[in-house]
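Asks: So here's entry-v1.txt, just compact mmCIF, C-alpha atoms (C1' of nucleotides):
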# COMPACT_ATOMS: atom_id res chain seq x y z
CA MET A 1 97.81 112.98 41.52
CA PRO A 2 95.17 110.81 43.19
CA VAL A 3 91.73 112.29 43.67
CA ASP A 4 89.77 111.93 46.89
CA PRO A 5 86.09 111.58 45.98
CA LEU A 6 84.99 111.70 49.65
CA ARG A 7 86.59 114.93 50.85
CA ARG A 8 83.63 117.10 49.92
CA TYR A 9 81.09 115.10 51.87
CA PRO A 10 80.37 116.52 55.31
CA GLY A 11 79.56 113.15 56.87
CA TYR A 12 82.91 111.80 55.80
CA ALA A 13 84.62 114.96 56.99
CA ILE A 14 82.94 114.68 60.40
CA ARG A 15 84.27 111.17 60.72
CA ARG A 16 87.84 112.19 59.96
CA VAL A 17 87.77 115.35 62.03
CA SER A 18 86.24 113.50 64.97
CA ALA A 19 88.93 110.83 64.94
CA TRP A 20 91.59 113.51 64.75
CA THR A 21 90.30 115.77 67.49
CA MET A 22 89.54 112.82 69.77
CA ALA A 23 93.09 111.59 69.42
CA GLY A 24 94.28 115.05 70.42
CA LEU A 25 92.00 115.14 73.42
CA ALA A 26 93.09 111.66 74.50
CA GLU A 27 96.69 112.79 74.35
CA ARG A 28 95.89 115.86 76.40
CA LEU A 29 94.13 113.79 79.06
CA GLU A 30 96.88 111.19 79.23
CA GLU A 31 98.73 113.02 81.98
CA PHE A 32 95.65 112.66 84.18
CA GLU A 33 95.27 108.98 83.29
CA LEU A 34 91.78 109.70 82.03
CA ARG A 35 90.16 108.57 78.80
CA PRO A 36 87.89 111.07 77.12
CA SER A 37 84.82 109.12 78.22
CA GLU A 38 86.03 109.05 81.83
CA ALA A 39 86.77 112.76 81.84
CA SER A 40 83.35 113.62 80.45
CA VAL A 41 81.72 111.44 83.12
CA LEU A 42 83.66 113.20 85.87
CA VAL A 43 82.66 116.62 84.57
CA VAL A 44 78.99 115.70 84.29
CA ILE A 45 78.88 114.20 87.78
CA GLY A 46 80.55 117.35 89.10
CA GLU A 47 77.74 119.45 87.68
CA ASN A 48 75.01 116.99 88.70
CA SER A 49 75.83 115.51 92.06
CA GLY A 50 73.53 112.61 92.85
CA ILE A 51 72.88 111.74 89.21
CA THR A 52 72.31 108.03 88.57
CA GLN A 53 74.24 105.90 86.13
CA SER A 54 71.27 105.56 83.83
CA GLU A 55 70.68 109.33 83.72
CA LEU A 56 74.38 109.86 83.10
CA GLY A 57 74.41 107.31 80.33
CA LYS A 58 71.38 108.82 78.68
CA MET A 59 73.03 112.25 78.72
CA LEU A 60 76.36 111.08 77.32
CA GLY A 61 75.11 108.37 74.99
CA ILE A 62 76.75 105.56 76.93
CA VAL A 63 74.78 102.34 77.32
CA SER A 64 74.56 100.93 80.81
CA ALA A 65 76.65 97.89 79.98
CA ASN A 66 79.57 100.20 79.28
CA MET A 67 78.83 102.61 82.08
CA ALA A 68 79.17 99.93 84.74
CA PRO A 69 82.89 99.19 84.32
CA LEU A 70 83.62 102.87 83.62
CA ILE A 71 82.15 103.94 86.96
CA ALA A 72 83.81 100.97 88.65
CA ARG A 73 87.22 102.22 87.50
CA LEU A 74 86.56 105.73 88.76
CA GLU A 75 85.28 104.38 92.07
CA ALA A 76 88.33 102.15 92.44
CA ARG A 77 90.50 105.26 92.06
CA ASP A 78 88.46 107.05 94.73
CA LEU A 79 87.29 109.72 92.31
CA VAL A 80 83.60 108.85 92.43
CA ALA A 81 81.38 107.70 95.29
CA ARG A 82 78.16 105.75 94.90
CA LYS A 83 75.32 105.95 97.39
CA PRO A 84 72.15 103.87 96.97
CA VAL A 85 69.08 106.01 96.31
CA ASP A 86 66.84 102.97 96.27
CA GLY A 87 67.40 99.27 96.06
CA ARG A 88 68.52 99.31 92.47
CA SER A 89 70.14 102.61 91.60
CA PHE A 90 73.04 104.68 92.88
CA GLY A 91 73.51 108.41 93.23
CA LEU A 92 76.94 109.38 91.98
CA SER A 93 79.08 112.12 93.45
CA LEU A 94 82.70 113.22 93.27
CA THR A 95 85.14 112.70 96.09
CA ARG A 96 87.51 115.50 97.06
CA ALA A 97 90.13 114.06 94.72
CA GLY A 98 87.49 113.52 92.05
CA ALA A 99 86.34 117.13 92.23
CA ARG A 100 89.92 118.34 91.97
CA LEU A 101 90.63 116.13 88.97
CA ALA A 102 87.33 116.99 87.29
CA GLU A 103 88.20 120.65 87.47
CA THR A 104 91.67 120.16 86.03
CA ALA A 105 90.44 117.83 83.31
CA PHE A 106 87.62 120.20 82.39
CA ALA A 107 90.13 123.01 82.01
CA ALA A 108 92.16 120.82 79.66
CA MET A 109 89.05 119.94 77.70
CA GLN A 110 88.10 123.58 77.34
CA GLU A 111 91.59 124.43 76.19
CA HIS A 112 91.29 121.67 73.63
CA GLU A 113 87.99 123.12 72.44
CA ARG A 114 89.54 126.57 72.09
CA ASP A 115 92.36 125.12 69.99
CA LEU A 116 89.81 123.44 67.75
CA ILE A 117 87.74 126.56 67.23
CA ALA A 118 90.87 128.54 66.50
CA ARG A 119 91.47 126.35 63.46
CA ILE A 120 88.13 127.25 61.92
CA PRO A 121 87.85 130.33 59.70
CA PRO A 122 86.04 132.94 61.82
CA ALA A 123 83.36 133.50 59.19
CA SER A 124 82.17 129.89 59.36
CA ARG A 125 82.36 129.39 63.12
CA ALA A 126 78.81 130.44 63.90
CA GLY A 127 77.27 128.21 61.25
CA PHE A 128 79.46 125.34 62.33
CA VAL A 129 78.37 125.52 65.95
CA GLU A 130 74.72 126.04 65.06
CA ALA A 131 74.70 123.05 62.73
CA LEU A 132 76.33 120.83 65.35
CA GLN A 133 73.82 121.90 67.98
CA ALA A 134 70.95 121.11 65.62
CA LEU A 135 72.38 117.66 64.91
CA LEU A 136 73.00 117.03 68.59
CA ASP A 137 69.37 117.92 69.29
CA GLU A 138 68.28 115.39 66.67
CA LEU A 139 70.05 112.58 68.41
CA GLN A 140 68.82 113.47 71.86
CA ASP A 141 65.76 111.29 71.29
CA MET B 1 66.60 118.36 85.62
CA PRO B 2 70.25 117.39 84.99
CA VAL B 3 72.46 119.83 83.14
CA ASP B 4 74.83 118.79 80.40
CA PRO B 5 77.95 120.96 80.65
CA LEU B 6 79.43 119.54 77.44
CA ARG B 7 76.63 120.10 74.94
CA ARG B 8 77.81 123.54 73.95
CA TYR B 9 81.32 122.48 73.02
CA PRO B 10 81.79 121.78 69.33
CA GLY B 11 84.51 119.18 69.85
CA TYR B 12 82.22 117.17 72.06
CA ALA B 13 79.34 117.65 69.62
CA ILE B 14 81.50 116.41 66.74
CA ARG B 15 82.28 113.26 68.70
CA ARG B 16 78.63 112.52 69.39
CA VAL B 17 77.41 113.40 65.92
CA SER B 18 80.18 111.35 64.32
CA ALA B 19 79.31 108.25 66.33
CA TRP B 20 75.66 108.69 65.46
CA THR B 21 76.06 109.27 61.73
CA MET B 22 78.64 106.50 61.41
CA ALA B 23 76.26 104.05 63.03
CA GLY B 24 73.64 105.09 60.50
CA LEU B 25 76.05 104.63 57.62
CA ALA B 26 77.14 101.23 58.92
CA GLU B 27 73.52 100.16 59.03
CA ARG B 28 72.95 101.36 55.50
CA LEU B 29 75.99 99.46 54.23
CA GLU B 30 75.08 96.28 56.06
CA GLU B 31 73.08 94.92 53.13
CA PHE B 32 76.25 95.05 51.01
CA GLU B 33 78.30 93.40 53.74
CA LEU B 34 80.62 96.39 53.73
CA ARG B 35 81.97 98.33 56.67
CA PRO B 36 82.25 102.07 56.20
CA SER B 37 86.03 101.80 55.87
CA GLU B 38 85.72 99.08 53.24
CA ALA B 39 83.16 101.05 51.27
CA SER B 40 85.35 104.16 51.28
CA VAL B 41 88.32 102.10 50.09
CA LEU B 42 86.27 100.66 47.22
CA VAL B 43 85.12 104.11 46.15
CA VAL B 44 88.61 105.58 46.24
CA ILE B 45 90.11 102.70 44.28
CA GLY B 46 87.31 103.11 41.73
CA GLU B 47 88.33 106.72 41.20
CA ASN B 48 92.05 105.96 41.27
CA SER B 49 92.75 102.69 39.54
CA GLY B 50 96.33 101.60 40.16
CA ILE B 51 96.66 103.43 43.47
CA THR B 52 98.93 101.71 45.99
CA GLN B 53 97.98 100.74 49.52
CA SER B 54 100.23 103.37 51.02
CA GLU B 55 98.74 106.13 48.87
CA LEU B 56 95.27 104.92 49.71
CA GLY B 57 96.07 104.83 53.41
CA LYS B 58 97.50 108.31 53.31
CA MET B 59 94.36 109.64 51.64
CA LEU B 60 91.92 107.95 54.00
CA GLY B 61 93.95 108.18 57.19
CA ILE B 62 94.38 104.43 57.51
CA VAL B 63 97.76 103.17 58.68
CA SER B 64 99.32 100.40 56.64
CA ALA B 65 99.01 97.85 59.41
CA ASN B 66 95.24 98.20 59.19
CA MET B 67 95.12 98.54 55.43
CA ALA B 68 96.70 95.14 54.85
CA PRO B 69 93.89 92.98 56.28
CA LEU B 70 91.25 95.34 54.88
CA ILE B 71 92.54 94.91 51.33
CA ALA B 72 92.98 91.19 51.95
CA ARG B 73 89.29 90.88 52.78
CA LEU B 74 88.24 92.74 49.64
CA GLU B 75 90.61 90.67 47.54
CA ALA B 76 89.28 87.45 49.05
CA ARG B 77 85.78 88.53 47.97
CA ASP B 78 87.03 89.22 44.46
CA LEU B 79 86.19 92.90 44.68
CA VAL B 80 89.76 94.20 44.41
CA ALA B 81 92.73 93.00 42.37
CA ARG B 82 96.37 93.65 43.24
CA LYS B 83 99.09 93.86 40.61
CA PRO B 84 102.72 94.40 41.58
CA VAL B 85 104.07 97.74 40.35
CA ASP B 86 107.52 97.02 41.72
CA GLY B 87 108.89 94.45 44.08
CA ARG B 88 107.32 95.93 47.17
CA SER B 89 104.08 97.68 46.25
CA PHE B 90 100.85 96.79 44.56
CA GLY B 91 98.58 98.71 42.23
CA LEU B 92 94.99 98.25 43.29
CA SER B 93 92.04 98.06 40.94
CA LEU B 94 88.42 96.98 41.08
CA THR B 95 87.15 93.78 39.56
CA ARG B 96 83.89 93.80 37.60
CA ALA B 97 82.02 92.85 40.76
CA GLY B 98 84.03 95.40 42.76
CA ALA B 99 83.16 98.19 40.36
CA ARG B 100 79.51 97.28 40.51
CA LEU B 101 79.50 97.16 44.30
CA ALA B 102 81.51 100.38 44.58
CA GLU B 103 78.90 102.19 42.51
CA THR B 104 75.99 100.88 44.56
CA ALA B 105 77.75 101.57 47.84
CA PHE B 106 78.69 105.06 46.74
CA ALA B 107 75.06 105.78 45.91
CA ALA B 108 74.08 104.64 49.41
CA MET B 109 76.79 106.83 50.93
CA GLN B 110 75.61 109.84 48.97
CA GLU B 111 72.05 109.22 50.05
CA HIS B 112 73.27 109.06 53.61
CA GLU B 113 75.06 112.38 53.16
CA ARG B 114 71.91 113.97 51.77
CA ASP B 115 69.92 112.78 54.79
CA LEU B 116 72.53 114.28 57.09
CA ILE B 117 72.53 117.65 55.38
CA ALA B 118 68.75 117.70 55.41
CA ARG B 119 68.85 117.70 59.20
CA ILE B 120 70.89 120.90 59.32
CA PRO B 121 69.12 124.25 59.34
CA PRO B 122 69.66 125.67 55.83
CA ALA B 123 71.13 128.90 57.16
CA SER B 124 74.04 127.12 58.84
CA ARG B 125 74.80 124.57 56.13
CA ALA B 126 77.36 126.66 54.27
CA GLY B 127 79.33 127.52 57.40
CA PHE B 128 79.19 123.93 58.53
CA VAL B 129 80.65 122.58 55.31
CA GLU B 130 83.28 125.33 55.09
CA ALA B 131 84.43 124.72 58.65
CA LEU B 132 84.71 120.99 58.08
CA GLN B 133 86.72 121.50 54.90
CA ALA B 134 89.09 123.82 56.74
CA LEU B 135 89.57 121.26 59.53
CA LEU B 136 90.05 118.46 57.03
CA ASP B 137 92.73 120.51 55.31
CA GLU B 138 94.51 120.94 58.64
CA LEU B 139 94.80 117.22 59.17
CA GLN B 140 95.97 116.47 55.65
CA ASP B 141 99.57 116.93 56.82
C1' DT C 1 118.71 104.03 54.67
C1' DA C 2 113.99 104.65 53.57
C1' DT C 3 109.78 102.61 51.87
C1' DT C 4 106.10 98.98 51.33
C1' DG C 5 103.64 95.73 53.17
C1' DT C 6 102.67 92.17 56.85
C1' DT C 7 101.76 90.15 61.41
C1' DA C 8 100.81 90.43 66.13
C1' DT C 9 98.92 92.89 69.63
C1' DA C 10 96.40 96.34 72.26
C1' DC C 11 93.27 100.23 73.35
C1' DT C 12 88.90 102.77 73.03
C1' DC C 13 84.30 103.17 71.95
C1' DT C 14 80.19 100.98 70.86
C1' DA C 15 76.69 97.38 70.95
C1' DT C 16 73.72 93.14 72.12
C1' DA C 17 72.34 89.25 75.01
C1' DA C 18 71.52 87.18 79.24
C1' DC C 19 71.15 87.82 83.89
C1' DT C 20 69.98 89.51 88.95
C1' DA C 21 67.59 92.42 91.86
C1' DT C 22 64.30 95.82 92.75
C1' DA C 23 60.19 99.12 91.65
C1' DT D 1 56.13 94.35 83.92
C1' DA D 2 59.49 97.74 83.70
C1' DT D 3 63.78 99.65 85.38
C1' DA D 4 68.85 99.71 87.17
C1' DG D 5 72.78 97.68 87.04
C1' DT D 6 76.14 93.83 85.93
C1' DT D 7 78.75 90.45 83.20
C1' DA D 8 80.30 88.45 79.07
C1' DT D 9 81.20 88.99 74.52
C1' DA D 10 81.86 90.99 70.03
C1' DG D 11 82.62 94.37 66.28
C1' DA D 12 84.87 98.42 64.40
C1' DG D 13 88.40 101.86 64.17
C1' DT D 14 92.81 103.22 65.54
C1' DA D 15 97.57 102.63 67.03
C1' DT D 16 102.54 100.85 67.92
C1' DA D 17 106.27 97.45 67.52
C1' DA D 18 108.83 94.15 65.11
C1' DC D 19 109.77 92.21 60.92
C1' DA D 20 110.87 90.88 55.73
C1' DA D 21 111.63 92.36 51.30
C1' DT D 22 112.76 95.85 48.15
C1' DA D 23 114.16 100.71 46.49
Please re-express this file's structure in structure tokens.
Replies:
Amino acid sequence: MPVDPLRRYPGYAIRRVSAWTMAGLAERLEEFELRPSEASVLVVIGENSGITQSELGKMLGIVSANMAPLIARLEARDLVARKPVDGRSFGLSLTRAGARLAETAFAAMQEHERDLIARIPPASRAGFVEALQALLDELQD
Amino acid sequence: MPVDPLRRYPGYAIRRVSAWTMAGLAERLEEFELRPSEASVLVVIGENSGITQSELGKMLGIVSANMAPLIARLEARDLVARKPVDGRSFGLSLTRAGARLAETAFAAMQEHERDLIARIPPASRAGFVEALQALLDELQD
DNA sequence: TATTGTTATACTCTATAACTATA
DNA sequence: TATAGTTATAGAGTATAACAATA
């Protein structure tokens, strides 16, 4: 009987869908003992060996204050190595174990993405992806 | 020079866009001293006077353990009134001040939604909204 | 037994401020 | 002065467990 006055608003829908899909991804990554943010960091380092923390943070929208302990955890697990590039910044790279885990985690993430897309009516998939890309471009600044 | 391997994935894009738009909404609601979750609760109660906490939580995806303190805060500010409907549940309604604030906050939320839509290329808006509705329907269970 | 609401607690993501060290 | 990174702290949303009271 109750009426939901917010359902029709895309911003509200994004919020709900995001929370839902992130919970699903977190569950999927649990077996690797990786949070979503940690998995995305591993994948990005794997594709950009030598990237610095600040570059990584800029790409993923993670402020440096949060990046520091995140990288520290991955380094403590011997998944990521840090080598000074100058006196104040580090080049990040994956260890053997890190590269292996990044690949497995990325596969899980891609499977998760496929499951998500599969739930969208085919006719609206293209517009959905285009709109998200446009919004993501907006926030790249 | 660095390459972002995640940009093209809609699930990842949803996560980033959600965080961004929610931060914008939170900023917009700051002048009313309302969090996004509190504002949405006010609006839903306004449209469904007498709704119980459990019904409200089911609609908005808020578990009862988190609904309790949220409602308590709104009641303490004299925005929401609780009347027992039976020995264990309460019917929620807005006070005069609550109704006034709900209306103002809803207007701000709608303005925020308009700004979001305006950033989407017109050609992909329909698909975007349709896809989100389909996903929201999925998670209604 | 199931439902409603509460309390306590914890996790994740996000953010700001203050700081050190280096460019 | 500006940049890279660190530490401490806080806010917001989400979640589970344990519980009391009621249906």
Asks: Contacts between chain D and chain B, please, where a residue of chain B counts if it comes within 10 Å (with all atoms listed in the file); show its shortest atom pair and distance in Å to one decimal, rows by chain and ascending number, as a tab-separated table.
Replies:
residue	atom	partner	partner_atom	distance
B:Ala26	CA	D:DA12	C1'	9.9
B:Arg35	CA	D:DA12	C1'	8.3
B:Pro36	CA	D:DA12	C1'	9.4
B:Ser37	CA	D:DG13	C1'	8.6
B:Gly61	CA	D:DT14	C1'	9.8
B:Ile62	CA	D:DT14	C1'	8.3
B:Val63	CA	D:DA15	C1'	8.4
B:Ala65	CA	D:DA15	C1'	9.1
B:Asn66	CA	D:DT14	C1'	8.5
B:Asp86	CA	D:DT22	C1'	8.4
B:Gly87	CA	D:DT22	C1'	5.8
B:Arg88	CA	D:DT22	C1'	5.5
B:Ser89	CA	D:DT22	C1'	9.1
Asks: Write the selection just made, keeping C-alpha atoms, as a CSV table (one decimal), keeping the file's coordinate frame?
Replies:
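Result file is selection15.csv:
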chain,number,residue,atom,x,y,z
B,26,ALA,CA,77.1,101.2,58.9
B,35,ARG,CA,82.0,98.3,56.7
B,36,PRO,CA,82.2,102.1,56.2
B,37,SER,CA,86.0,101.8,55.9
B,61,GLY,CA,94.0,108.2,57.2
B,62,ILE,CA,94.4,104.4,57.5
B,63,VAL,CA,97.8,103.2,58.7
B,65,ALA,CA,99.0,97.8,59.4
B,66,ASN,CA,95.2,98.2,59.2
B,86,ASP,CA,107.5,97.0,41.7
B,87,GLY,CA,108.9,94.4,44.1
B,88,ARG,CA,107.3,95.9,47.2
B,89,SER,CA,104.1,97.7,46.2
Asks: Distance atom CA of A:Leu92-atom CA of A:Arg73, one decimal place?
Replies: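 A separation of 13.3 Å between them.
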Asks: Contacts between chain B and chain A, please, where a residue of chain A counts if it comes within 6 Å (with only C-alpha atoms); show its shortest atom pair and distance in Å to one decimal, rows by chain and ascending number, as JSON lines.
Replies:
{"residue": "A:Gly11", "atom": "CA", "partner": "B:Glu113", "partner_atom": "CA", "distance": 5.9}
{"residue": "A:Ile14", "atom": "CA", "partner": "B:Ser18", "partner_atom": "CA", "distance": 5.8}
{"residue": "A:Arg15", "atom": "CA", "partner": "B:Ser18", "partner_atom": "CA", "distance": 5.5}
{"residue": "A:Ser18", "atom": "CA", "partner": "B:Arg15", "partner_atom": "CA", "distance": 5.4}
{"residue": "A:Glu113", "atom": "CA", "partner": "B:Gly11", "partner_atom": "CA", "distance": 5.9}
{"residue": "A:Ile120", "atom": "CA", "partner": "B:Ala131", "partner_atom": "CA", "distance": 5.5}
{"residue": "A:Ser124", "atom": "CA", "partner": "B:Gly127", "partner_atom": "CA", "distance": 4.2}
{"residue": "A:Gly127", "atom": "CA", "partner": "B:Ser124", "partner_atom": "CA", "distance": 4.2}
{"residue": "A:Phe128", "atom": "CA", "partner": "B:Phe128", "partner_atom": "CA", "distance": 4.1}
{"residue": "A:Ala131", "atom": "CA", "partner": "B:Ile120", "partner_atom": "CA", "distance": 5.5}
Asks: Any chance you could tabulate, as a tab-separated table, the residues of chain C at most 8 Å from chain B with each one's nearest atom pair and distance in Å to one decimal, using only C-alpha atoms (C1' of nucleotides), in chain and rising number order?
Replies:
residue	atom	partner	partner_atom	distance
C:DT4	C1'	B:Arg88	CA	5.3
C:DG5	C1'	B:Arg88	CA	7.0
C:DT6	C1'	B:Ala68	CA	7.0
Asks: Can you list, as a list in words, every protein, DNA or RNA residue that comes within 12 Å of B:Arg100 when you count all atoms listed in the file, leaving out same-chain residues fewer than 5 positions away?
Replies: Phe32, Ala39, Leu42, Val43, Gly46, Asp78, Leu79, Val80, Leu94, Thr95, Ala105, Phe106 and Ala107 of chain B
Asks: Return the single residue from A:Gly98, A:Leu29, A:Gln140, A:Gly91 that is closest to A:Ala76, with distances computed using only C-alpha atoms.
Replies: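 Of A:Gly98, A:Leu29, A:Gln140, A:Gly91, the one nearest A:Ala76 is A:Gly98, counting only C-alpha atoms.
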Asks: Using the file's own x, y and z axes, what box holds all listed atoms of stretch 6-22 of chain C with 3 Å on each side, keeping edges along x, y and z, and what are its centre and edge lengths in Å to one decimal, as AutoDock Vina command-line options?
Replies:
--center_x 83.5 --center_y 95.2 --center_z 74.8 --size_x 44.4 --size_y 22.0 --size_z 41.9
Asks: Can you measure atom CA of A:Leu70 to atom CA of A:Glu38 for me? One decimal in Å is fine.
Replies: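 Between these atoms lies a distance of 6.9 Å.
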